[in-house]
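Structure file upload_11.cif (mmCIF, C-alpha atoms and all ligand atoms) follows.
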```cif
data_input
loop_
_atom_site.label_atom_id
_atom_site.label_comp_id
_atom_site.auth_asym_id
_atom_site.auth_seq_id
_atom_site.Cartn_x
_atom_site.Cartn_y
_atom_site.Cartn_z
CA MET A 1 -23.06 114.57 63.07
CA SER A 2 -21.14 114.79 59.79
CA VAL A 3 -22.31 112.50 57.00
CA ASP A 4 -18.88 110.86 56.89
CA VAL A 5 -18.85 109.90 60.57
CA LYS A 6 -22.44 108.65 60.34
CA GLN A 7 -21.59 106.55 57.30
CA TRP A 8 -18.78 104.76 59.14
CA ILE A 9 -20.85 104.25 62.24
CA THR A 10 -23.54 102.50 60.22
CA ALA A 11 -20.87 100.41 58.46
CA ILE A 12 -20.08 98.48 61.65
CA ALA A 13 -21.43 94.95 61.24
CA PRO A 14 -22.61 92.81 64.15
CA LEU A 15 -20.35 89.92 65.10
CA ASP A 16 -20.56 86.92 62.76
CA GLU A 17 -22.87 84.57 64.70
CA LYS A 18 -22.16 81.60 62.47
CA ALA A 19 -18.39 81.91 62.93
CA MET A 20 -18.88 82.21 66.70
CA GLU A 21 -21.04 79.12 66.77
CA ILE A 22 -18.41 77.10 64.88
CA ALA A 23 -15.66 78.47 67.16
CA ALA A 24 -17.64 77.62 70.32
CA LEU A 25 -18.20 74.05 69.08
CA HIS A 26 -14.50 73.72 68.27
CA VAL A 27 -13.46 75.05 71.71
CA ASP A 28 -15.53 72.34 73.37
CA GLN A 29 -13.89 69.60 71.28
CA LEU A 30 -10.38 70.47 72.43
CA THR A 31 -8.61 68.22 74.95
CA LYS A 32 -9.44 70.06 78.19
CA PRO A 33 -12.32 70.19 80.63
CA GLN A 34 -15.05 72.45 79.26
CA GLY A 35 -14.47 76.12 80.06
CA SER A 36 -11.09 75.47 81.65
CA LEU A 37 -9.24 78.01 79.53
CA GLY A 38 -11.49 80.71 80.98
CA LYS A 39 -11.35 84.10 79.33
CA LEU A 40 -9.11 82.77 76.55
CA GLU A 41 -12.04 80.68 75.34
CA GLN A 42 -14.40 83.66 75.25
CA LEU A 43 -11.69 85.69 73.53
CA ALA A 44 -11.18 83.03 70.83
CA ILE A 45 -14.93 82.97 70.15
CA GLN A 46 -15.11 86.78 70.11
CA LEU A 47 -12.17 86.98 67.66
CA ALA A 48 -13.95 84.54 65.33
CA GLY A 49 -17.06 86.74 65.52
CA MET A 50 -15.10 89.91 64.79
CA THR A 51 -13.08 88.58 61.88
CA GLY A 52 -15.51 85.96 60.55
CA GLU A 53 -12.64 83.43 60.62
CA LEU A 54 -12.01 80.42 62.86
CA HIS A 55 -8.26 80.96 62.60
CA PRO A 56 -7.68 84.69 62.09
CA ASP A 57 -4.12 85.82 61.35
CA LEU A 58 -3.58 88.81 63.65
CA SER A 59 0.20 88.87 63.35
CA THR A 60 0.20 92.25 61.57
CA ARG A 61 -0.73 94.64 64.35
CA ALA A 62 -0.07 98.17 65.45
CA VAL A 63 -0.41 100.39 68.48
CA MET A 64 -1.94 103.69 67.47
CA ILE A 65 -0.67 106.53 69.67
CA PHE A 66 -2.72 109.71 69.32
CA ALA A 67 -1.01 112.75 70.85
CA ALA A 68 -2.40 116.17 71.71
CA ASP A 69 -2.14 118.96 74.26
CA HIS A 70 -4.69 120.26 76.73
CA GLY A 71 -5.49 123.88 77.56
CA VAL A 72 -6.66 122.79 81.00
CA CYS A 73 -2.99 122.38 82.01
CA GLU A 74 -3.18 126.13 82.87
CA GLU A 75 -5.09 125.06 85.98
CA GLY A 76 -2.16 123.04 87.37
CA VAL A 77 -3.79 119.62 86.92
CA SER A 78 -0.71 117.55 86.01
CA ALA A 79 2.50 116.72 87.86
CA TYR A 80 4.47 117.34 84.63
CA PRO A 81 4.85 120.33 82.27
CA GLN A 82 2.88 120.43 79.04
CA ASP A 83 6.04 120.27 76.91
CA VAL A 84 6.38 116.61 77.95
CA THR A 85 3.69 115.71 75.38
CA ALA A 86 5.93 116.69 72.44
CA GLN A 87 9.08 115.45 74.15
CA MET A 88 7.57 112.00 74.73
CA VAL A 89 6.36 111.84 71.12
CA MET A 90 9.97 112.39 70.01
CA ASN A 91 10.96 109.66 72.47
CA PHE A 92 8.39 107.29 70.85
CA LEU A 93 9.81 108.13 67.42
CA ASN A 94 13.35 107.52 68.65
CA GLY A 95 12.49 104.17 70.23
CA GLY A 96 13.15 104.94 73.91
CA ALA A 97 9.77 104.83 75.67
CA ALA A 98 8.10 101.96 77.52
CA ILE A 99 5.74 101.46 74.58
CA ASN A 100 8.71 101.02 72.23
CA VAL A 101 10.17 98.27 74.38
CA LEU A 102 6.85 96.44 74.73
CA SER A 103 6.06 96.85 71.02
CA ARG A 104 9.42 95.38 70.06
CA GLN A 105 8.84 92.51 72.48
CA ASN A 106 5.36 91.82 71.12
CA GLN A 107 5.89 92.45 67.39
CA ALA A 108 3.70 95.53 67.15
CA GLU A 109 4.28 98.47 64.88
CA ILE A 110 3.94 101.94 66.43
CA ILE A 111 1.92 104.54 64.57
CA CYS A 112 2.23 107.97 66.14
CA VAL A 113 -0.35 110.63 65.21
CA ASP A 114 -0.02 114.33 66.02
CA ILE A 115 -3.69 115.29 66.17
CA GLY A 116 -3.16 118.41 68.29
CA ILE A 117 0.29 118.90 69.79
CA LYS A 118 0.97 122.52 70.77
CA SER A 119 4.35 122.79 69.09
CA GLU A 120 5.41 122.04 65.52
CA LEU A 121 7.01 118.62 65.32
CA GLN A 122 8.76 117.27 62.27
CA HIS A 123 9.68 113.62 61.83
CA THR A 124 9.42 111.32 58.83
CA GLN A 125 7.65 108.67 60.94
CA LEU A 126 5.11 111.09 62.47
CA TYR A 127 1.59 111.22 61.04
CA THR A 128 0.76 114.92 61.15
CA ARG A 129 -3.01 115.38 61.35
CA LYS A 130 -3.06 118.44 63.58
CA ILE A 131 -6.55 119.87 64.04
CA ARG A 132 -5.47 122.67 66.32
CA LYS A 133 -2.54 123.37 68.62
CA GLY A 134 -4.00 121.88 71.77
CA THR A 135 -7.50 122.24 73.17
CA ARG A 136 -8.77 125.40 74.85
CA ASN A 137 -8.90 125.47 78.65
CA LEU A 138 -12.10 123.58 79.49
CA ALA A 139 -12.25 125.35 82.86
CA LYS A 140 -13.02 128.59 80.99
CA GLU A 141 -14.47 127.70 77.57
CA PRO A 142 -15.39 124.64 75.50
CA ALA A 143 -12.24 122.61 74.80
CA MET A 144 -13.07 122.33 71.10
CA THR A 145 -15.74 123.48 68.71
CA ARG A 146 -18.23 120.83 67.68
CA GLU A 147 -16.65 120.83 64.22
CA GLU A 148 -13.18 120.24 65.66
CA ALA A 149 -14.46 117.31 67.72
CA GLU A 150 -16.12 115.79 64.65
CA LYS A 151 -12.97 116.36 62.61
CA ALA A 152 -10.89 114.59 65.27
CA VAL A 153 -13.24 111.57 65.30
CA LEU A 154 -13.20 111.46 61.50
CA THR A 155 -9.40 111.65 61.52
CA GLY A 156 -9.31 108.58 63.77
CA ILE A 157 -11.66 106.73 61.42
CA GLU A 158 -9.52 107.64 58.40
CA ILE A 159 -6.32 106.51 60.14
CA ALA A 160 -7.95 103.15 60.97
CA ASN A 161 -9.07 102.75 57.37
CA GLU A 162 -5.66 103.65 56.01
CA HIS A 163 -3.88 101.08 58.16
CA ALA A 164 -6.51 98.36 57.82
CA LYS A 165 -6.22 98.81 54.05
CA ARG A 166 -2.46 98.21 54.12
CA GLY A 167 -2.89 95.00 56.13
CA ILE A 168 -3.03 95.83 59.86
CA ARG A 169 -5.41 93.22 61.31
CA MET A 170 -5.45 94.20 64.99
CA PHE A 171 -5.10 97.56 66.72
CA ALA A 172 -4.05 98.64 70.20
CA THR A 173 -4.94 102.13 71.40
CA GLY A 174 -2.42 104.47 72.95
CA GLU A 175 -2.24 108.17 73.79
CA MET A 176 0.07 110.91 74.94
CA GLY A 177 -1.25 114.22 76.23
CA ILE A 178 -0.25 115.91 79.47
CA GLY A 179 -3.50 116.86 81.24
CA ASN A 180 -5.57 114.16 79.57
CA THR A 181 -6.62 112.35 82.77
CA THR A 182 -8.50 115.56 83.70
CA ALA A 183 -10.31 115.71 80.34
CA SER A 184 -11.04 111.96 80.58
CA ALA A 185 -12.47 112.16 84.10
CA ALA A 186 -14.54 115.20 83.07
CA LEU A 187 -16.04 113.26 80.15
CA PHE A 188 -16.78 110.23 82.34
CA SER A 189 -18.43 112.41 85.02
CA ALA A 190 -20.48 114.36 82.48
CA PHE A 191 -21.80 111.22 80.76
CA SER A 192 -22.40 109.17 83.90
CA GLY A 193 -23.43 111.83 86.38
CA LEU A 194 -20.82 110.46 88.81
CA ASP A 195 -19.22 113.00 91.11
CA PRO A 196 -15.59 113.78 90.09
CA VAL A 197 -14.46 112.24 93.41
CA ARG A 198 -15.22 108.86 91.85
CA THR A 199 -13.78 109.50 88.40
CA THR A 200 -10.61 111.51 89.10
CA GLY A 201 -7.21 110.10 89.97
CA ARG A 202 -3.58 111.13 90.34
CA GLY A 203 -2.68 110.87 86.64
CA THR A 204 1.07 111.38 86.40
CA GLY A 205 1.21 111.59 90.20
CA VAL A 206 -0.32 114.77 91.64
CA ASP A 207 -0.63 114.85 95.45
CA ASN A 208 -3.90 114.95 97.42
CA GLY A 209 -4.19 118.72 96.92
CA GLY A 210 -3.68 118.19 93.19
CA VAL A 211 -6.44 115.57 93.04
CA ARG A 212 -8.81 117.96 94.84
CA ARG A 213 -7.88 120.71 92.38
CA LYS A 214 -8.64 118.39 89.44
CA GLN A 215 -11.99 117.45 90.97
CA GLU A 216 -12.87 121.11 91.51
CA VAL A 217 -11.87 122.05 87.94
CA ILE A 218 -14.11 119.26 86.59
CA ARG A 219 -17.04 120.08 88.88
CA SER A 220 -17.00 123.76 87.95
CA ALA A 221 -16.49 123.02 84.22
CA ILE A 222 -19.58 120.80 84.21
CA HIS A 223 -21.46 123.56 86.06
CA LEU A 224 -20.24 126.16 83.54
CA HIS A 225 -20.89 124.24 80.30
CA GLU A 226 -23.92 122.17 81.33
CA PRO A 227 -23.04 119.38 78.86
CA ASN A 228 -26.05 117.35 77.78
CA PRO A 229 -25.23 113.65 78.40
CA ALA A 230 -27.79 112.63 75.77
CA ASP A 231 -25.82 114.56 73.12
CA VAL A 232 -22.43 112.89 72.68
CA TRP A 233 -20.94 115.71 70.59
CA ASP A 234 -22.02 118.32 73.12
CA VAL A 235 -20.13 116.54 75.92
CA LEU A 236 -17.14 115.64 73.74
CA HIS A 237 -16.49 119.11 72.34
CA LYS A 238 -16.92 120.89 75.67
CA LEU A 239 -14.76 118.61 77.84
CA GLY A 240 -12.79 116.29 75.60
CA GLY A 241 -9.36 116.13 74.07
CA LEU A 242 -8.29 115.85 70.44
CA GLU A 243 -6.44 112.58 71.06
CA ILE A 244 -9.41 111.14 72.95
CA ALA A 245 -11.75 112.01 70.06
CA GLY A 246 -9.18 110.60 67.62
CA LEU A 247 -9.11 107.31 69.51
CA THR A 248 -12.91 107.19 69.50
CA GLY A 249 -12.73 107.42 65.71
CA LEU A 250 -9.95 104.83 65.53
CA MET A 251 -12.17 102.34 67.36
CA LEU A 252 -15.14 103.04 65.08
CA GLY A 253 -12.98 102.70 61.97
CA ALA A 254 -11.30 99.50 63.18
CA ALA A 255 -14.68 97.94 63.99
CA ALA A 256 -16.00 98.92 60.55
CA ASN A 257 -13.02 96.99 59.12
CA ARG A 258 -13.77 93.97 61.35
CA CYS A 259 -10.48 94.44 63.21
CA PRO A 260 -10.16 93.71 66.95
CA VAL A 261 -9.16 96.71 69.07
CA VAL A 262 -7.30 96.14 72.34
CA ILE A 263 -7.94 99.14 74.55
CA ASP A 264 -5.43 100.44 77.05
CA GLY A 265 -6.06 102.21 80.37
CA PHE A 266 -8.29 105.00 81.66
CA ILE A 267 -7.95 107.50 78.80
CA SER A 268 -8.38 104.91 76.04
CA SER A 269 -11.36 103.49 77.93
CA VAL A 270 -13.00 106.90 78.04
CA ALA A 271 -12.52 107.10 74.26
CA ALA A 272 -14.19 103.67 74.05
CA TYR A 273 -17.04 104.90 76.24
CA VAL A 274 -17.59 107.83 73.85
CA ALA A 275 -17.53 105.43 70.88
CA ILE A 276 -20.13 103.21 72.55
CA GLN A 277 -22.32 106.30 73.17
CA LEU A 278 -22.12 106.96 69.42
CA THR A 279 -22.95 103.34 68.56
CA PRO A 280 -23.13 100.27 70.79
CA ALA A 281 -22.22 98.23 67.68
CA VAL A 282 -18.55 99.04 68.31
CA LYS A 283 -18.45 97.33 71.72
CA PRO A 284 -18.04 93.69 70.63
CA TYR A 285 -14.88 94.69 68.74
CA LEU A 286 -13.23 95.97 71.93
CA ILE A 287 -10.95 93.92 74.18
CA ALA A 288 -10.16 95.42 77.60
CA SER A 289 -6.47 94.84 78.29
CA HIS A 290 -5.75 95.84 81.87
CA LEU A 291 -7.19 97.49 84.93
CA SER A 292 -5.32 100.75 85.40
CA ALA A 293 -4.51 101.97 88.90
CA GLU A 294 -6.13 105.29 87.92
CA THR A 295 -9.24 106.05 90.02
CA GLY A 296 -12.37 105.62 87.95
CA HIS A 297 -11.07 102.95 85.60
CA ARG A 298 -12.73 100.06 87.42
CA LEU A 299 -16.09 101.85 87.44
CA LEU A 300 -15.71 102.82 83.80
CA LEU A 301 -15.00 99.25 82.67
CA GLU A 302 -17.92 98.00 84.76
CA GLU A 303 -20.19 100.60 83.20
CA MET A 304 -19.17 99.35 79.73
CA GLY A 305 -19.50 95.71 80.77
CA LEU A 306 -15.86 95.00 79.88
CA SER A 307 -13.61 92.73 81.91
CA PRO A 308 -9.85 93.45 81.88
CA MET A 309 -7.38 90.62 81.25
CA LEU A 310 -4.45 91.94 83.30
CA HIS A 311 -4.15 93.45 86.78
CA LEU A 312 -0.66 94.93 86.92
CA ASP A 313 -1.24 98.20 88.85
CA MET A 314 0.01 100.06 85.80
CA ARG A 315 -0.98 103.70 85.16
CA LEU A 316 1.11 104.80 82.24
CA GLY A 317 -0.95 104.97 79.08
CA GLU A 318 0.87 105.10 75.69
CA GLY A 319 -0.83 101.78 74.85
CA THR A 320 1.48 99.81 77.18
CA GLY A 321 -1.23 97.67 78.83
CA ALA A 322 -2.87 97.00 75.46
CA VAL A 323 0.31 95.76 73.79
CA LEU A 324 1.00 93.52 76.79
CA CYS A 325 -2.24 91.72 75.89
CA PHE A 326 -1.14 90.82 72.37
CA PRO A 327 0.49 87.56 73.58
CA LEU A 328 -2.82 86.60 75.20
CA VAL A 329 -4.65 87.20 71.94
CA ASP A 330 -1.96 85.11 70.22
CA ALA A 331 -2.43 82.41 72.85
CA ALA A 332 -6.18 82.28 72.21
CA CYS A 333 -5.55 81.91 68.45
CA ARG A 334 -2.84 79.27 68.82
CA LEU A 335 -4.89 77.15 71.22
CA MET A 336 -7.71 77.10 68.66
CA LYS A 337 -5.32 76.12 65.89
CA GLU A 338 -2.88 73.75 67.55
CA MET A 339 -4.69 71.86 70.30
CA ALA A 340 -5.83 68.34 69.49
CA THR A 341 -9.48 67.41 69.70
CA PHE A 342 -10.63 64.58 71.98
CA GLU A 343 -11.30 62.45 68.92
CA ARG A 344 -7.93 63.09 67.28
CA ALA A 345 -5.93 62.48 70.44
CA GLY A 346 -7.95 59.47 71.52
CA VAL A 347 -8.80 61.06 74.86
CA SER A 348 -12.07 59.98 76.46
CA ARG A 349 -14.60 62.75 76.77
CA GLU A 350 -16.89 61.75 79.54
CA GLU A 351 -17.15 59.38 82.44
CA ALA A 352 -18.74 56.19 81.06
CA PRO A 353 -22.33 55.86 82.26
CA ARG A 354 -22.57 53.43 85.22
C1 LIG B 401 7.30 111.10 81.15
C2 LIG B 401 5.84 110.70 80.93
C3 LIG B 401 5.53 109.68 80.03
C4 LIG B 401 4.19 109.32 79.85
N1 LIG B 401 3.62 108.41 79.05
C5 LIG B 401 2.34 108.44 79.23
N2 LIG B 401 1.99 109.39 80.12
C6 LIG B 401 0.63 109.59 80.58
O1 LIG B 401 0.46 110.73 81.42
C7 LIG B 401 -0.41 111.71 80.90
C8 LIG B 401 -1.66 111.86 81.70
O2 LIG B 401 -1.45 112.28 83.02
P1 LIG B 401 -1.82 113.74 83.53
O3 LIG B 401 -3.27 113.95 83.28
O4 LIG B 401 -1.48 113.72 84.99
O5 LIG B 401 -0.95 114.71 82.77
C9 LIG B 401 -0.73 111.27 79.50
O6 LIG B 401 0.07 111.92 78.60
C10 LIG B 401 -0.50 109.77 79.58
O7 LIG B 401 -0.44 109.09 78.43
C11 LIG B 401 3.15 109.95 80.52
C12 LIG B 401 3.45 111.00 81.41
C13 LIG B 401 4.80 111.38 81.61
C14 LIG B 401 5.13 112.49 82.57
O1 LIG B 402 -4.74 104.50 82.82
C1 LIG B 402 -4.08 105.21 82.05
O2 LIG B 402 -4.09 105.01 80.82
C2 LIG B 402 -3.25 106.35 82.59
C3 LIG B 402 -3.26 106.67 83.91
C4 LIG B 402 -2.49 107.72 84.38
C5 LIG B 402 -1.72 108.44 83.50
N1 LIG B 402 -1.71 108.11 82.22
C6 LIG B 402 -2.45 107.09 81.74
#
```

Give the structure from the file, written as structure tokens.
Amino acid sequence: MSVDVKQWITAIAPLDEKAMEIAALHVDQLTKPQGSLGKLEQLAIQLAGMTGELHPDLSTRAVMIFAADHGVCEEGVSAYPQDVTAQMVMNFLNGGAAINVLSRQNQAEIICVDIGIKSELQHTQLYTRKIRKGTRNLAKEPAMTREEAEKAVLTGIEIANEHAKRGIRMFATGEMGIGNTTASAALFSAFSGLDPVRTTGRGTGVDNGGVRRKQEVIRSAIHLHEPNPADVWDVLHKLGGLEIAGLTGLMLGAAANRCPVVIDGFISSVAAYVAIQLTPAVKPYLIASHLSAETGHRLLLEEMGLSPMLHLDMRLGEGTGAVLCFPLVDAACRLMKEMATFERAGVSREEAPR
């Protein structure tokens, strides 16, 4: 592992126990039966632990969309052509995609990073951090070199640092990369040992034959490359994607800056899984937004011990599910700040002893 990546991994602090203790005490003084705000209570306590503040200001937030292409598209694993990656990135930059609508609705900035799109894209708002023009076809050769995978993770860390430094306090993860559900399922299978039948879904909407083809591609790629699940970089460079590795870095960098990261669907969750393999210290900084309809997502979240907030049968990516959770994070913060305590409101706490 490069010295730089290692340095950032070790910079991730554990959650602030003292702040969590104060937050938990405060939650129990608010005018409601104990525990009645459910996951919002745990979220408020977790946010205090991440930020070290009882009332964190998370109003400056951004969805980080990492975009890259996938050589494995040669195997016919997506319902859409590879050019859609670049075309959708232009759509993000022009404001017309689902993520643009939801980001406008939920006051989130969109940061779009070209970490490996096949074609040359020019736009003043695009962060060009291209490592290579798409991955190689993982069905035939390792998707990346080890160095490229490390560079992609480091790029994600640097992007997180850059935006944390200019005041972003909360991140959502998003991605665009035709073919990336195949790379994601391959990574999940290789790390977990689960058969591709359990990790592989329809992605953009391939039919049953398409799903079987994806499963076969993944099974034979794992047979060909023999990735070592105990060596994160070995698995990541052989089967991963540049945007997935970039998101792994983004999560590590955000956690090192004590910023909450709301993770999106299946692909983002695989990036989180890779980050957790690199250091479990990143996990408490992650908030699972929604349960994607993509096969494998439920198992993946269970494996990470994360519980999603929303169940909307979405399977889009781009960061859409993550940004939809921002109002819930806001709700947790506002309840902590604005609710009256039993004492203040003159509400009796307990049944008087008989
Ligand atoms: C128009 C369009 C917009 C999208 N936005 C996100 N994705 C999503 O679909 C892709 C993964 O599915 P697969 O592995 O089947 O290619 C990713 O780019 C993902 O973000 C989209 C896909 C399409 C077609
Ligand atoms: O869960 C996701 O993020 C997802 C699922 C299918 C296609 N694109 C993204």

Determine, for each residue of range 257-288 of chain A having at least one atom at most 8 Å from an atom of range 304-321 of chain A, the closest pair of atoms and their separation in Å to one decimal, counting all atoms listed in the file; order by chain and ascending number, as CSV.
```
residue,atom,partner,partner_atom,distance
A:Ile263,CA,A:Gly319,CA,7.6
A:Asp264,CA,A:Gly319,CA,5.3
A:Gly265,CA,A:Gly317,CA,5.9
A:Phe266,CA,A:Gly317,CA,7.8
A:Ile267,CA,A:Gly317,CA,7.4
A:Tyr273,CA,A:Met304,CA,6.9
A:Ile287,CA,A:Leu306,CA,7.6
A:Ala288,CA,A:Pro308,CA,4.7
```

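Neighbouring residues of Glu75 in chain A at 12 Å or closer, counting only C-alpha atoms and skipping chain neighbours under 4 positions away, are His70, Gly71, Ala79, Pro81, Gln82, Arg136, Asn137, Leu138, Ala139, Lys140, Gly179, Thr182, Gly210, Val211, Arg212, Arg213, Lys214, Gln215, Glu216, Val217, Ile218 and Ala221 of chain A.
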
Straight-line distance linking CA of Asp4 in chain A with CA of Glu226 in chain A, stated in Å to one decimal: 27.4 Å

Could you give me, as a PyMOL selection string, the residues within 12 Å of Leu25 in chain A, counting all atoms listed in the file and dropping anything in the same chain fewer than 5 positions from it? chain A and resi 18-20+30+34-35+41+44-45+48+54+336+341

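Distance annotation: of A:Ala322, A:Leu15, A:Ile157, A:Met144, the residue with the minimal separation from Lys283 in chain A is A:Leu15; atom set is only C-alpha atoms.
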
Can you sort out the box for ligand LIG 401 (chain B), edges along x, y and z, all listed atoms in, 4 Å on every side, with centre and edge lengths in Å to one decimal, as AutoDock Vina command-line options?
```
--center_x 2.0 --center_y 111.6 --center_z 81.7 --size_x 18.6 --size_y 14.3 --size_z 14.6
```

Counting all atoms listed in the file, the residue of A:Leu250, A:Val329, A:Ala256, A:Ile178 that sits nearest ligand LIG 402 (chain B): A:Ile178

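With all atoms listed in the file as the atoms that count, the minimum distance from ligand LIG 401 (chain B) to the choices A:Ala97, A:Met64, A:Leu43, A:Val5 is reached by A:Ala97.
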
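Reported to one decimal place, the separation of atom O7 of ligand LIG 401 (chain B) from CA of Thr124 in chain A is 22.1 Å.
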
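When only C-alpha atoms are used to compute distances to Ala254 in chain A, the closest of the residues A:Gly205, A:Gly167, A:Pro56, A:Gly116 turns out to be A:Gly167.
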
For Thr128 in chain A, list every protein, DNA or RNA residue within 10 Å, evaluated using all atoms listed in the file, and leave out those in the same chain fewer than 6 positions away; present the list as a ChimeraX atom specification. /A:112-117,120-122

For ligand LIG 401 (chain B), the nearest of the candidates A:Trp8, A:Phe191, A:Phe92, A:Phe171, counting all atoms listed in the file: A:Phe92

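Reported to one decimal place, the separation of CA of Gly49 in chain A from CA of Ala24 in chain A is 10.3 Å.
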
Polymer residues at most 9 Å from Val232 in chain A, all atoms listed in the file, same-chain spacing of 6 or more positions, as a ChimeraX atom specification: /A:191,274,277-278

Using all atoms listed in the file, which of the listed residues (A:Pro227, A:Pro280, A:Gly296, A:Gly38) sits closest to ligand LIG 402 (chain B)? A:Gly296

Which polymer residues have any atom within 12 Å of an atom of Asn94 in chain A, counting all atoms listed in the file, with same-chain residues fewer than 3 positions away left out, as a ChimeraX atom specification? /A:87-91,97-101,110,112,123-126

List every protein, DNA or RNA residue that has an atom no more than 12 Å from (-19.3, 110.6, 86.0) in the file's coordinate frame, counting only C-alpha atoms, and report them as JSON, numbers by chain. {"A": [183, 184, 185, 186, 187, 188, 189, 190, 191, 192, 193, 194, 195, 196, 197, 198, 199, 200, 215, 218, 219, 222, 227, 229, 235, 270, 273, 295, 296, 297, 299, 300, 303]}

Please produce an output containing C-alpha atoms for each residue in the selection, written as a short mmCIF file (atom, residue, chain, number, x, y, z; two decimals), keeping the file's coordinate frame.
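Result written to out-v3.cif:
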```cif
data_model
loop_
_atom_site.label_atom_id
_atom_site.label_comp_id
_atom_site.auth_asym_id
_atom_site.auth_seq_id
_atom_site.Cartn_x
_atom_site.Cartn_y
_atom_site.Cartn_z
CA ALA A 183 -10.31 115.71 80.34
CA SER A 184 -11.04 111.96 80.58
CA ALA A 185 -12.47 112.16 84.10
CA ALA A 186 -14.54 115.20 83.07
CA LEU A 187 -16.04 113.26 80.15
CA PHE A 188 -16.78 110.23 82.34
CA SER A 189 -18.43 112.41 85.02
CA ALA A 190 -20.48 114.36 82.48
CA PHE A 191 -21.80 111.22 80.76
CA SER A 192 -22.40 109.17 83.90
CA GLY A 193 -23.43 111.83 86.38
CA LEU A 194 -20.82 110.46 88.81
CA ASP A 195 -19.22 113.00 91.11
CA PRO A 196 -15.59 113.78 90.09
CA VAL A 197 -14.46 112.24 93.41
CA ARG A 198 -15.22 108.86 91.85
CA THR A 199 -13.78 109.50 88.40
CA THR A 200 -10.61 111.51 89.10
CA GLN A 215 -11.99 117.45 90.97
CA ILE A 218 -14.11 119.26 86.59
CA ARG A 219 -17.04 120.08 88.88
CA ILE A 222 -19.58 120.80 84.21
CA PRO A 227 -23.04 119.38 78.86
CA PRO A 229 -25.23 113.65 78.40
CA VAL A 235 -20.13 116.54 75.92
CA VAL A 270 -13.00 106.90 78.04
CA TYR A 273 -17.04 104.90 76.24
CA THR A 295 -9.24 106.05 90.02
CA GLY A 296 -12.37 105.62 87.95
CA HIS A 297 -11.07 102.95 85.60
CA LEU A 299 -16.09 101.85 87.44
CA LEU A 300 -15.71 102.82 83.80
CA GLU A 303 -20.19 100.60 83.20
#
```

Please return, as a list in words, all polymer residues that have at least one atom within 8 Å of the point (-8.2, 78.7, 70.2); use all atoms listed in the file and the file's own coordinate frame. Val27, Leu40, Glu41, Ala44, Ile45, His55, Ala331, Ala332, Cys333, Arg334, Leu335, Met336, Lys337, Glu338 and Met339 of chain A

Please output range 166-178 of chain A, rebuilt to include N, CA and C atoms, as a PDB file, keeping the file's coordinate frame.
```pdb
ATOM      1  N   ARG A 166      -3.809  98.701  54.458  1.00  0.00           N
ATOM      2  CA  ARG A 166      -2.460  98.210  54.120  1.00  0.00           C
ATOM      3  C   ARG A 166      -2.120  96.939  54.908  1.00  0.00           C
ATOM      4  N   GLY A 167      -3.107  96.349  55.594  1.00  0.00           N
ATOM      5  CA  GLY A 167      -2.890  95.000  56.130  1.00  0.00           C
ATOM      6  C   GLY A 167      -2.839  94.867  57.643  1.00  0.00           C
ATOM      7  N   ILE A 168      -2.989  95.972  58.390  1.00  0.00           N
ATOM      8  CA  ILE A 168      -3.030  95.830  59.860  1.00  0.00           C
ATOM      9  C   ILE A 168      -4.335  95.111  60.214  1.00  0.00           C
ATOM     10  N   ARG A 169      -4.226  94.030  60.993  1.00  0.00           N
ATOM     11  CA  ARG A 169      -5.410  93.220  61.310  1.00  0.00           C
ATOM     12  C   ARG A 169      -5.883  93.388  62.751  1.00  0.00           C
ATOM     13  N   MET A 170      -5.044  93.987  63.583  1.00  0.00           N
ATOM     14  CA  MET A 170      -5.450  94.200  64.990  1.00  0.00           C
ATOM     15  C   MET A 170      -4.808  95.498  65.467  1.00  0.00           C
ATOM     16  N   PHE A 171      -5.593  96.279  66.222  1.00  0.00           N
ATOM     17  CA  PHE A 171      -5.100  97.560  66.720  1.00  0.00           C
ATOM     18  C   PHE A 171      -5.032  97.548  68.241  1.00  0.00           C
ATOM     19  N   ALA A 172      -4.057  98.291  68.776  1.00  0.00           N
ATOM     20  CA  ALA A 172      -4.050  98.640  70.200  1.00  0.00           C
ATOM     21  C   ALA A 172      -4.173 100.159  70.250  1.00  0.00           C
ATOM     22  N   THR A 173      -4.801 100.682  71.305  1.00  0.00           N
ATOM     23  CA  THR A 173      -4.940 102.130  71.400  1.00  0.00           C
ATOM     24  C   THR A 173      -3.942 102.688  72.415  1.00  0.00           C
ATOM     25  N   GLY A 174      -3.335 103.802  72.048  1.00  0.00           N
ATOM     26  CA  GLY A 174      -2.420 104.470  72.950  1.00  0.00           C
ATOM     27  C   GLY A 174      -2.589 105.978  72.842  1.00  0.00           C
ATOM     28  N   GLU A 175      -2.111 106.711  73.826  1.00  0.00           N
ATOM     29  CA  GLU A 175      -2.240 108.170  73.790  1.00  0.00           C
ATOM     30  C   GLU A 175      -1.105 108.828  74.547  1.00  0.00           C
ATOM     31  N   MET A 176      -0.876 110.074  74.203  1.00  0.00           N
ATOM     32  CA  MET A 176       0.070 110.910  74.940  1.00  0.00           C
ATOM     33  C   MET A 176      -0.517 112.317  74.956  1.00  0.00           C
ATOM     34  N   GLY A 177      -0.712 112.858  76.136  1.00  0.00           N
ATOM     35  CA  GLY A 177      -1.250 114.220  76.230  1.00  0.00           C
ATOM     36  C   GLY A 177      -1.277 114.663  77.674  1.00  0.00           C
ATOM     37  N   ILE A 178      -0.284 115.438  78.073  1.00  0.00           N
ATOM     38  CA  ILE A 178      -0.250 115.910  79.470  1.00  0.00           C
ATOM     39  C   ILE A 178      -1.587 116.640  79.762  1.00  0.00           C
TER      40      ILE A 178
END
```
